[in-house]
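> Got a file for you: work.txt, compact mmCIF, N, CA and C atoms.
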# COMPACT_ATOMS: atom_id res chain seq x y z
N VAL A 1 92.49 118.30 94.39
CA VAL A 1 91.54 117.53 95.17
C VAL A 1 91.84 116.05 94.99
N GLN A 2 91.72 115.30 96.07
CA GLN A 2 91.92 113.86 95.99
C GLN A 2 90.56 113.18 95.98
N LEU A 3 90.38 112.28 95.06
CA LEU A 3 89.15 111.54 94.94
C LEU A 3 89.44 110.05 95.09
N GLN A 4 88.64 109.39 95.86
CA GLN A 4 88.83 107.97 96.07
C GLN A 4 87.48 107.27 95.98
N ALA A 5 87.33 106.47 94.93
CA ALA A 5 86.11 105.69 94.76
C ALA A 5 86.30 104.32 95.39
N SER A 6 85.25 103.82 96.01
CA SER A 6 85.31 102.50 96.62
C SER A 6 83.93 101.88 96.62
N GLY A 7 83.89 100.60 96.96
CA GLY A 7 82.61 99.92 97.09
C GLY A 7 82.27 98.96 95.97
N GLY A 8 83.12 98.88 94.97
CA GLY A 8 82.86 97.97 93.87
C GLY A 8 83.00 96.52 94.31
N GLY A 9 82.57 95.61 93.44
CA GLY A 9 82.67 94.20 93.74
C GLY A 9 81.88 93.38 92.75
N LEU A 10 81.72 92.13 93.10
CA LEU A 10 80.98 91.19 92.27
C LEU A 10 79.60 90.97 92.87
N VAL A 11 78.58 91.09 92.05
CA VAL A 11 77.21 90.93 92.52
C VAL A 11 76.40 90.24 91.43
N GLN A 12 75.38 89.50 91.84
CA GLN A 12 74.51 88.86 90.86
C GLN A 12 73.51 89.85 90.30
N ALA A 13 73.04 89.58 89.12
CA ALA A 13 72.02 90.42 88.52
C ALA A 13 70.83 90.54 89.46
N GLY A 14 70.32 91.74 89.57
CA GLY A 14 69.22 92.02 90.48
C GLY A 14 69.68 92.48 91.85
N GLY A 15 70.97 92.35 92.11
CA GLY A 15 71.50 92.75 93.39
C GLY A 15 71.79 94.24 93.49
N SER A 16 72.42 94.62 94.60
CA SER A 16 72.70 96.03 94.87
C SER A 16 74.14 96.21 95.34
N LEU A 17 74.64 97.39 95.08
CA LEU A 17 75.93 97.82 95.60
C LEU A 17 75.84 99.31 95.89
N ARG A 18 76.64 99.77 96.82
CA ARG A 18 76.74 101.20 97.07
C ARG A 18 78.19 101.62 96.90
N LEU A 19 78.41 102.51 95.97
CA LEU A 19 79.72 103.08 95.77
C LEU A 19 79.88 104.35 96.59
N SER A 20 81.10 104.61 97.00
CA SER A 20 81.40 105.82 97.74
C SER A 20 82.54 106.57 97.05
N CYS A 21 82.47 107.89 97.14
CA CYS A 21 83.52 108.73 96.59
C CYS A 21 83.90 109.73 97.68
N ALA A 22 85.09 109.61 98.20
CA ALA A 22 85.58 110.54 99.21
C ALA A 22 86.20 111.74 98.50
N ALA A 23 85.68 112.92 98.80
CA ALA A 23 86.14 114.12 98.12
C ALA A 23 86.02 115.31 99.05
N SER A 24 87.14 115.83 99.50
CA SER A 24 87.11 117.00 100.38
C SER A 24 86.98 118.27 99.56
N GLY A 25 86.28 119.24 100.09
CA GLY A 25 86.13 120.51 99.40
C GLY A 25 84.74 120.69 98.80
N ARG A 26 84.50 121.88 98.31
CA ARG A 26 83.19 122.21 97.75
C ARG A 26 83.16 121.90 96.27
N TYR A 27 82.78 120.67 95.94
CA TYR A 27 82.79 120.22 94.55
C TYR A 27 81.48 119.57 94.16
N GLY A 28 81.09 119.82 92.92
CA GLY A 28 80.08 118.98 92.32
C GLY A 28 80.76 117.67 91.94
N ILE A 29 80.03 116.57 92.05
CA ILE A 29 80.61 115.25 91.83
C ILE A 29 79.82 114.51 90.75
N GLY A 30 80.55 113.87 89.87
CA GLY A 30 79.92 113.04 88.86
C GLY A 30 80.45 111.62 88.94
N TRP A 31 79.59 110.69 88.59
CA TRP A 31 79.99 109.29 88.44
C TRP A 31 79.97 108.95 86.95
N PHE A 32 80.99 108.27 86.53
CA PHE A 32 81.12 107.81 85.16
C PHE A 32 81.51 106.34 85.18
N ARG A 33 81.33 105.67 84.07
CA ARG A 33 81.76 104.28 84.00
C ARG A 33 82.32 103.97 82.62
N GLN A 34 83.18 102.99 82.60
CA GLN A 34 83.76 102.54 81.34
C GLN A 34 83.80 101.02 81.33
N ALA A 35 83.05 100.46 80.42
CA ALA A 35 83.02 99.02 80.24
C ALA A 35 84.13 98.61 79.28
N PRO A 36 84.56 97.36 79.34
CA PRO A 36 85.63 96.90 78.44
C PRO A 36 85.28 97.15 76.98
N GLY A 37 86.19 97.79 76.27
CA GLY A 37 85.99 98.03 74.85
C GLY A 37 85.02 99.15 74.52
N LYS A 38 84.57 99.87 75.53
CA LYS A 38 83.60 100.94 75.29
C LYS A 38 84.15 102.27 75.79
N VAL A 39 83.55 103.34 75.33
CA VAL A 39 83.97 104.66 75.80
C VAL A 39 83.36 104.93 77.16
N ARG A 40 84.02 105.83 77.87
CA ARG A 40 83.51 106.22 79.18
C ARG A 40 82.18 106.95 79.01
N GLU A 41 81.26 106.67 79.90
CA GLU A 41 79.95 107.31 79.82
C GLU A 41 79.53 107.89 81.15
N PHE A 42 78.73 108.92 81.06
CA PHE A 42 78.16 109.57 82.23
C PHE A 42 77.13 108.64 82.88
N VAL A 43 77.14 108.61 84.21
CA VAL A 43 76.16 107.83 84.95
C VAL A 43 75.24 108.74 85.77
N SER A 44 75.84 109.59 86.59
CA SER A 44 75.05 110.42 87.48
C SER A 44 75.91 111.56 88.00
N SER A 45 75.27 112.60 88.50
CA SER A 45 76.02 113.70 89.09
C SER A 45 75.15 114.41 90.12
N ILE A 46 75.84 115.14 91.00
CA ILE A 46 75.16 115.86 92.07
C ILE A 46 75.90 117.16 92.33
N SER A 47 75.16 118.22 92.56
CA SER A 47 75.75 119.50 92.85
C SER A 47 76.31 119.53 94.27
N TRP A 48 77.10 120.55 94.56
CA TRP A 48 77.73 120.65 95.89
C TRP A 48 76.67 120.60 97.00
N GLY A 49 75.59 121.34 96.85
CA GLY A 49 74.58 121.38 97.89
C GLY A 49 73.62 120.20 97.85
N GLY A 50 73.71 119.40 96.80
CA GLY A 50 72.82 118.25 96.68
C GLY A 50 71.48 118.56 96.07
N GLY A 51 71.25 119.82 95.73
CA GLY A 51 69.94 120.19 95.23
C GLY A 51 69.69 119.81 93.78
N SER A 52 70.73 119.54 93.05
CA SER A 52 70.59 119.14 91.65
C SER A 52 71.23 117.78 91.44
N THR A 53 70.46 116.87 90.90
CA THR A 53 70.98 115.54 90.58
C THR A 53 70.58 115.18 89.15
N TYR A 54 71.40 114.39 88.52
CA TYR A 54 71.17 113.98 87.14
C TYR A 54 71.51 112.50 86.99
N TYR A 55 70.82 111.86 86.05
CA TYR A 55 71.05 110.45 85.79
C TYR A 55 71.01 110.19 84.29
N SER A 56 71.78 109.21 83.87
CA SER A 56 71.63 108.77 82.49
C SER A 56 70.35 107.96 82.38
N ASP A 57 69.83 107.87 81.20
CA ASP A 57 68.60 107.11 81.00
C ASP A 57 68.77 105.65 81.37
N SER A 58 69.96 105.12 81.19
CA SER A 58 70.18 103.70 81.43
C SER A 58 70.14 103.32 82.91
N VAL A 59 70.31 104.31 83.79
CA VAL A 59 70.32 103.99 85.23
C VAL A 59 69.18 104.66 85.98
N LYS A 60 68.45 105.52 85.33
CA LYS A 60 67.38 106.26 86.00
C LYS A 60 66.36 105.29 86.56
N GLY A 61 66.01 105.51 87.82
CA GLY A 61 65.06 104.64 88.48
C GLY A 61 65.70 103.47 89.20
N ARG A 62 66.97 103.21 88.92
CA ARG A 62 67.68 102.11 89.58
C ARG A 62 68.81 102.62 90.47
N PHE A 63 69.45 103.70 90.07
CA PHE A 63 70.57 104.26 90.83
C PHE A 63 70.12 105.55 91.52
N THR A 64 70.69 105.79 92.69
CA THR A 64 70.43 107.03 93.42
C THR A 64 71.74 107.63 93.90
N ILE A 65 71.94 108.89 93.58
CA ILE A 65 73.14 109.59 94.04
C ILE A 65 72.77 110.47 95.23
N SER A 66 73.66 110.55 96.18
CA SER A 66 73.44 111.38 97.36
C SER A 66 74.81 111.80 97.91
N ARG A 67 74.77 112.71 98.86
CA ARG A 67 76.04 113.13 99.45
C ARG A 67 75.85 113.49 100.91
N ASP A 68 76.91 113.30 101.65
CA ASP A 68 76.99 113.70 103.05
C ASP A 68 78.21 114.60 103.17
N ASN A 69 77.98 115.89 103.13
CA ASN A 69 79.11 116.83 103.11
C ASN A 69 79.86 116.85 104.44
N ALA A 70 79.21 116.46 105.51
CA ALA A 70 79.91 116.38 106.80
C ALA A 70 80.96 115.28 106.76
N LYS A 71 80.73 114.28 105.92
CA LYS A 71 81.68 113.18 105.78
C LYS A 71 82.49 113.29 104.49
N ASN A 72 82.27 114.38 103.75
CA ASN A 72 83.00 114.56 102.48
C ASN A 72 82.86 113.34 101.57
N THR A 73 81.66 112.82 101.49
CA THR A 73 81.44 111.59 100.74
C THR A 73 80.19 111.70 99.87
N VAL A 74 80.33 111.20 98.66
CA VAL A 74 79.21 111.08 97.75
C VAL A 74 78.96 109.60 97.53
N TYR A 75 77.69 109.22 97.51
CA TYR A 75 77.32 107.83 97.36
C TYR A 75 76.57 107.60 96.05
N LEU A 76 76.73 106.42 95.53
CA LEU A 76 75.93 105.98 94.39
C LEU A 76 75.33 104.64 94.76
N GLN A 77 74.05 104.67 95.12
CA GLN A 77 73.33 103.45 95.45
C GLN A 77 72.84 102.83 94.15
N MET A 78 73.25 101.61 93.90
CA MET A 78 72.91 100.93 92.64
C MET A 78 72.06 99.71 92.96
N ASN A 79 70.82 99.75 92.52
CA ASN A 79 69.89 98.66 92.73
C ASN A 79 69.51 98.01 91.40
N SER A 80 68.93 96.84 91.49
CA SER A 80 68.48 96.12 90.29
C SER A 80 69.58 96.07 89.24
N LEU A 81 70.75 95.70 89.67
CA LEU A 81 71.89 95.71 88.76
C LEU A 81 71.74 94.70 87.64
N LYS A 82 72.26 95.08 86.49
CA LYS A 82 72.20 94.25 85.30
C LYS A 82 73.61 93.94 84.81
N PRO A 83 73.78 92.86 84.08
CA PRO A 83 75.13 92.57 83.56
C PRO A 83 75.72 93.73 82.76
N GLU A 84 74.88 94.48 82.08
CA GLU A 84 75.38 95.62 81.30
C GLU A 84 75.85 96.78 82.16
N ASP A 85 75.65 96.69 83.47
CA ASP A 85 76.22 97.70 84.38
C ASP A 85 77.68 97.40 84.72
N THR A 86 78.16 96.25 84.30
CA THR A 86 79.55 95.89 84.56
C THR A 86 80.49 96.91 83.92
N ALA A 87 81.36 97.47 84.75
CA ALA A 87 82.28 98.52 84.28
C ALA A 87 83.19 98.94 85.43
N VAL A 88 84.19 99.71 85.09
CA VAL A 88 84.95 100.44 86.11
C VAL A 88 84.24 101.77 86.31
N TYR A 89 83.92 102.06 87.53
CA TYR A 89 83.20 103.29 87.88
C TYR A 89 84.19 104.30 88.45
N TYR A 90 84.09 105.51 87.95
CA TYR A 90 84.96 106.60 88.37
C TYR A 90 84.12 107.74 88.94
N CYS A 91 84.66 108.41 89.95
CA CYS A 91 84.04 109.66 90.36
C CYS A 91 84.96 110.81 89.93
N ALA A 92 84.34 111.93 89.66
CA ALA A 92 85.04 113.11 89.18
C ALA A 92 84.46 114.34 89.86
N ALA A 93 85.25 115.40 89.90
CA ALA A 93 84.83 116.60 90.63
C ALA A 93 85.04 117.85 89.79
N LYS A 94 84.20 118.82 90.05
CA LYS A 94 84.41 120.14 89.49
C LYS A 94 84.11 121.16 90.56
N PRO A 95 84.87 122.24 90.62
CA PRO A 95 84.77 123.15 91.76
C PRO A 95 83.53 124.02 91.80
N LYS A 96 82.92 124.32 90.69
CA LYS A 96 81.76 125.19 90.72
C LYS A 96 80.99 125.05 89.43
N GLY A 97 79.80 125.60 89.44
CA GLY A 97 79.00 125.57 88.22
C GLY A 97 78.13 124.34 88.13
N ALA A 98 77.50 124.22 86.99
CA ALA A 98 76.55 123.15 86.77
C ALA A 98 77.23 121.79 86.68
N VAL A 99 76.45 120.76 87.00
CA VAL A 99 76.97 119.39 86.90
C VAL A 99 76.11 118.56 85.98
N ALA A 100 75.39 119.22 85.09
CA ALA A 100 74.51 118.51 84.17
C ALA A 100 75.31 117.64 83.23
N PRO A 101 74.68 116.61 82.67
CA PRO A 101 75.38 115.76 81.70
C PRO A 101 76.01 116.59 80.58
N GLY A 102 77.24 116.25 80.24
CA GLY A 102 77.96 117.00 79.24
C GLY A 102 78.90 118.03 79.82
N THR A 103 78.75 118.29 81.12
CA THR A 103 79.65 119.22 81.79
C THR A 103 81.05 118.61 81.89
N GLN A 104 82.04 119.46 81.75
CA GLN A 104 83.42 119.01 81.87
C GLN A 104 83.80 118.96 83.34
N PHE A 105 84.30 117.79 83.78
CA PHE A 105 84.78 117.66 85.14
C PHE A 105 86.30 117.78 85.15
N ASP A 106 86.83 118.39 86.22
CA ASP A 106 88.24 118.76 86.24
C ASP A 106 89.16 117.74 86.88
N TYR A 107 88.65 117.01 87.83
CA TYR A 107 89.49 116.10 88.60
C TYR A 107 88.88 114.71 88.57
N TRP A 108 89.75 113.71 88.48
CA TRP A 108 89.30 112.33 88.37
C TRP A 108 90.02 111.45 89.37
N GLY A 109 89.29 110.50 89.91
CA GLY A 109 89.88 109.56 90.84
C GLY A 109 90.13 108.22 90.18
N GLN A 110 90.72 107.33 90.95
CA GLN A 110 90.89 105.95 90.52
C GLN A 110 89.53 105.29 90.49
N GLY A 111 89.35 104.36 89.63
CA GLY A 111 88.06 103.70 89.52
C GLY A 111 87.90 102.52 90.45
N THR A 112 86.68 102.05 90.52
CA THR A 112 86.37 100.86 91.28
C THR A 112 85.56 99.94 90.36
N LEU A 113 85.92 98.67 90.34
CA LEU A 113 85.31 97.74 89.40
C LEU A 113 84.02 97.16 89.95
N VAL A 114 83.00 97.23 89.13
CA VAL A 114 81.71 96.60 89.43
C VAL A 114 81.48 95.50 88.39
N THR A 115 81.25 94.30 88.86
CA THR A 115 80.98 93.17 87.98
C THR A 115 79.64 92.57 88.35
N VAL A 116 78.74 92.51 87.38
CA VAL A 116 77.41 91.96 87.61
C VAL A 116 77.29 90.67 86.81
N SER A 117 77.10 89.59 87.52
CA SER A 117 77.00 88.29 86.84
C SER A 117 75.54 87.97 86.53
N SER A 118 75.35 87.25 85.46
CA SER A 118 73.99 86.91 85.04
C SER A 118 73.52 85.61 85.66
Once more with this new file: its structure as structure tokens, please.

Amino acid sequence: VQLQASGGGLVQAGGSLRLSCAASGRYGIGWFRQAPGKVREFVSSISWGGGSTYYSDSVKGRFTISRDNAKNTVYLQMNSLKPEDTAVYYCAAKPKGAVAPGTQFDYWGQGTLVTVSS
């Protein structure tokens, strides 16, 4: 599966960005991020049908994950951005099963950089 994340950029604190992940096929999709000098962390995930979504505590209430399977695209709407959200964001896919935090994802795309200035 090919995964392509896009939509990153520079935004001021309090602003918004929407990331997109193009992914063909029936996959659960997860978003992860890695800040400089830190380990990669789970951000959010969504099941193939969209009925199950998960968020890390650090983004809950500010980020929303959704998908449009007709367009083979998963979105991550990020609102009320904070400087600590600065990271490279990656989308990942798994072909079946649960997408809860801690689940192993099989395929990874190139990341997109999000920079939040204070």
> Of the residues A:Ala93, A:Val59, A:Leu3, A:Met78, which is the one nearest to Trp31 of chain A, using only N, CA and C atoms?
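Counting only N, CA and C atoms, the residue closest to Trp31 of chain A is A:Ala93.
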> Out of A:Leu76, A:Leu81, A:Val99, A:Ile46, which residue has the shortest atom-to-atom distance to Val11 of chain A when counting all atoms listed in the file?
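Closest residue, counting all atoms listed in the file: A:Leu81.
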> For atom CA of Gly111 of chain A and atom CA of Arg33 of chain A, determine how far apart the two atoms are, in Å to one decimal place.
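The value is 8.4 Å.
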> Within 9 Å of Asp106 of chain A, counting only C-alpha atoms, which residues show up once you throw out same-chain ones fewer than 3 positions away? Write them as an NGL selection string, please.
:A and (92-95)
> From the options A:Ala13, A:Val39, A:Ala100, A:Ile29, which residue's atoms come nearest to Ile65 of chain A, counting only C-alpha atoms?
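Distance minimum relative to Ile65 of chain A lands on A:Ile29.
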